[in-house]
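Novice: A single structure is presented below for examination.
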Amino acid sequence: METIKIAHLYYDLMNLYGENGNIRVLTKHLEEQNVKVILHTLSLEDELDFTKYDFFYLGCGNKASFNLVLEHLKKYQKEVKKAIKDNKFFLVSGTSLDLFGKSFTNLDGTITKTLNIFDYESKEIDNRLVGEQEFTFNSLDKPIIGFQNRNTILDSLGELHLFEVIKGFGYQMDSHFEGIRDHNFYGTYLLGPILARNPHFTEYLVSKIMASKNLTYHPFELAYETKAYQEYLKNIIEKN
Amino acid sequence: MMTFLQILVNKLITWGCKIMKKNGTVLPGTFSYNMRPKVLEKIKYPKYVIGVTGSSGKGTTTNLIAHILKSNGYDVVYNENGSNGIRGLTTLILNNCTMFGRFKHDILLLEIDEKHLHLGFRKNKLTHLIITNITRDQPARNGSPDLIYKAIMDSLDEQTTLILNADDPGLMQAKLTFLGNIITYGLEKTVDSYTKFKGQSIDNAYCPKCHKKLTYKFYHYGHIGSYFCKNCDFSRGSLNYMGTNIDLKNKTMKINNEMITLNKDILFEAYATIAAYALTSTIGLKKEEITFALNKNTPKAKRGNTYTLDNRHITFLESKNENCLSYYQSLKYIIDTNQKCSVILGFDNVSRRYKFNDVSWLWDVEFELLNNSNIDKIFCIGRFKWDVASRLIYANIDPKKIILVEDLDNVLSSLRQKTKYDLYTMVCFDMTAILKSKILEANNGNN
């Protein structure tokens, strides 16, 4: 049986918004594809080997956690860059997106160097951007939904954008673009269980992972998730 | 002069609300506060101004303290209606002042919203502040727990004596920076304590002093328990008030070796009780006075009212949305009854304070506890029923057990047809009101 290895990075620090939902959803539906899923939860006290895994997930954390993670992850900057080039899958949600740019400017004006994987700078702001979001993703017909609650912005012009904003916030409050996509790196300010809330995105991602391993993808049904997605779009997002 | 006017306005509107039979807990304070927000700084306060704040357990703790103080003849005023925001507090304080701004009673006791503390007590400091715990709670308003902690601590200085739940390492970091007096309380291991972390997400997993991972001797729930750092001297340490021999089944515990009766058979009641004990002892009550009050009739618990539907019990365990530990409390209560039962879950709005409807927190709730043979059916109601049902599917709950009630008008008939067991609701506030009114209607006005 083919094996897919998932690394849930900094699970005990970057876990503010039900991030475990993404891991559960991914694991369940990969297993249904008849592959063996090995999941490792890794954090500050672990050595990270970016060649060992197929999929990396990193969620949202507070500022103190962000700084601890940054310090730890800096040691692996080259490995992370290579893993992205080698088409390993990355799903990055919430404030973790700020780790992957060139720098992070704190509210007091001090600048922290970040991983320098992508060519953007992030900045802390003194208000929070909070609310329901609706985006388009050019590989899928139906919109992506989710929630944001952040006090950072980034200055990308959108060359590597993941989503286009229908309702909500992009890189900055009124930017048209949101998120970063490069090879199989998917990064977004959306919080928490993005996969649980967007069954079509889950199907897309599972099919891409299967294809990357030259395995046959078997379409699957996500009846409850699809109904939840439809109801939320109709009752909450479109009514706002 | 302005203070005089604000007190007058406050009292007049309160009087008007009484005449009109309206709830006058917030409206008077809204007017008087808006005239000049600094009014609470102008009041001449009594010797004791006690605050109780934290993510959960504030109301229960405040009620118990008031009960102990009143039972011993103290003249105490407190916000028993639970209005804990700045406008509710202003109503209460100004109504209990003379027209010249002198507080008329011996003790002012306030349950205070953790984000409103700095609004009321910028200049005049509380003499004592209990912090019950800080957990993830209402993130659209509060952000992350560290921001709640910061908001509380930024309002304080060394004039205030802190009374802390030492089982919460996020609170005990105050020992590293707070210059005032700190009194600690905590609970010793119970039969329900566990040594390997369970649950979906943990806050404060790392030492606030040296950032190495904390080691737990045991957990009570979430990140609450007995912990220490292997790398430095940060730990729960020895406590001023320690709850031992905790026997929830028989509703008893010992505090510093005094036997105490608990009001309810849940751990959260034990926390409220020891917090109340610590506070009242700190301000000088004798242990006999405290135990006398705690061991006689204590105030009626807010949660857990039981109604009947046909011949079955339906118990209302309200759960606070966006607070996974509040849900945990309800889930644990249901499972610990060890009785075959059905559960009702759901809400129409995530919050009553704001319009945002984030549902990510559903994944932090340990719904896995419902994957239990004693659970017959789970009824999902409200606008987010499919989000709730999706989450239950990933808790490996058999879809046959999950009933989605599309039309709330049919909820009672659905309950009657699909399950014959006792019922527990762990819905949020909006659904509680609807369900109670439907049951009252079905029972011709009786519970």
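The chains in the structure tokens are called A, B, ... from first to last as shown; in each chain the residues are counted from 1, and the ligands are counted from 1 in the order shown.
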May I have the residues of chain B within 10 Å of chain A, counting only C-alpha atoms, written as a VMD selection string?
Specialist: chain B and resid 136 139 to 141 143 to 147 200 to 206 208 211 to 213 322 324 349 355 to 365 383 to 395 399
Novice: Neighbours of Tyr307 in chain B within 6 Å (only C-alpha atoms; same-chain residues fewer than 4 positions away dropped), as a count of residues only?
Specialist: 3
Novice: When you look at range 102-117 of chain A with a cut-off of 6 Å (counting only C-alpha atoms), what residues show up, excluding the ones that are within fewer than 6 positions of it in the same chain? I need them as JSON, numbers by chain.
Specialist: {"A": [77, 123, 124]}
Novice: Enumerate, as a PyMOL selection string, the complete set of residues in range 15-233 of chain A that a backbone-based DSSP assignment places in alpha helix (DSSP H).
Specialist: chain A and resi 20-31+63-73+77-85+194-197+199-212+223-232
Novice: Between CA of His223 in chain B and CA of Leu110 in chain B, what is the spacing in Å?
Specialist: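 Separation between CA of Leu110 in chain B and CA of His223 in chain B: 26.3 Å.
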Novice: Mind checking DSSP for chain A and telling me the strand (DSSP E or B) residues as an NGL selection string?
Specialist: :A and (3-9 or 36-42 or 55-58 or 89-93 or 103-105 or 111-113 or 121-136 or 144-154 or 161-167 or 177-182 or 185-188)
Novice: With only C-alpha atoms as the counted atoms, please give the residues lying no more than 9 Å from Leu27 in chain B, apart from itself and same-chain residues fewer than 4 positions off, as a list in words.
Specialist: Asn10, Ile13, Thr14, Cys17, Asn23, Phe31, Ser32, Arg87, Gly88 and Thr91 of chain B
Novice: Which residues, written as a PyMOL selection string, have at least one atom at most 8 Å from His200 in chain A, with only C-alpha atoms counted and residues fewer than 3 positions away on the same chain left out?
Specialist: chain A and resi 140+142+203-204
Novice: Find the residues near Thr188 in chain A: any atom within 9 Å, counting only C-alpha atoms, skip ones fewer than 3 places away on the same chain, and give them as an NGL selection string.
Specialist: :A and (91-97 or 162-163 or 178-181 or 191)
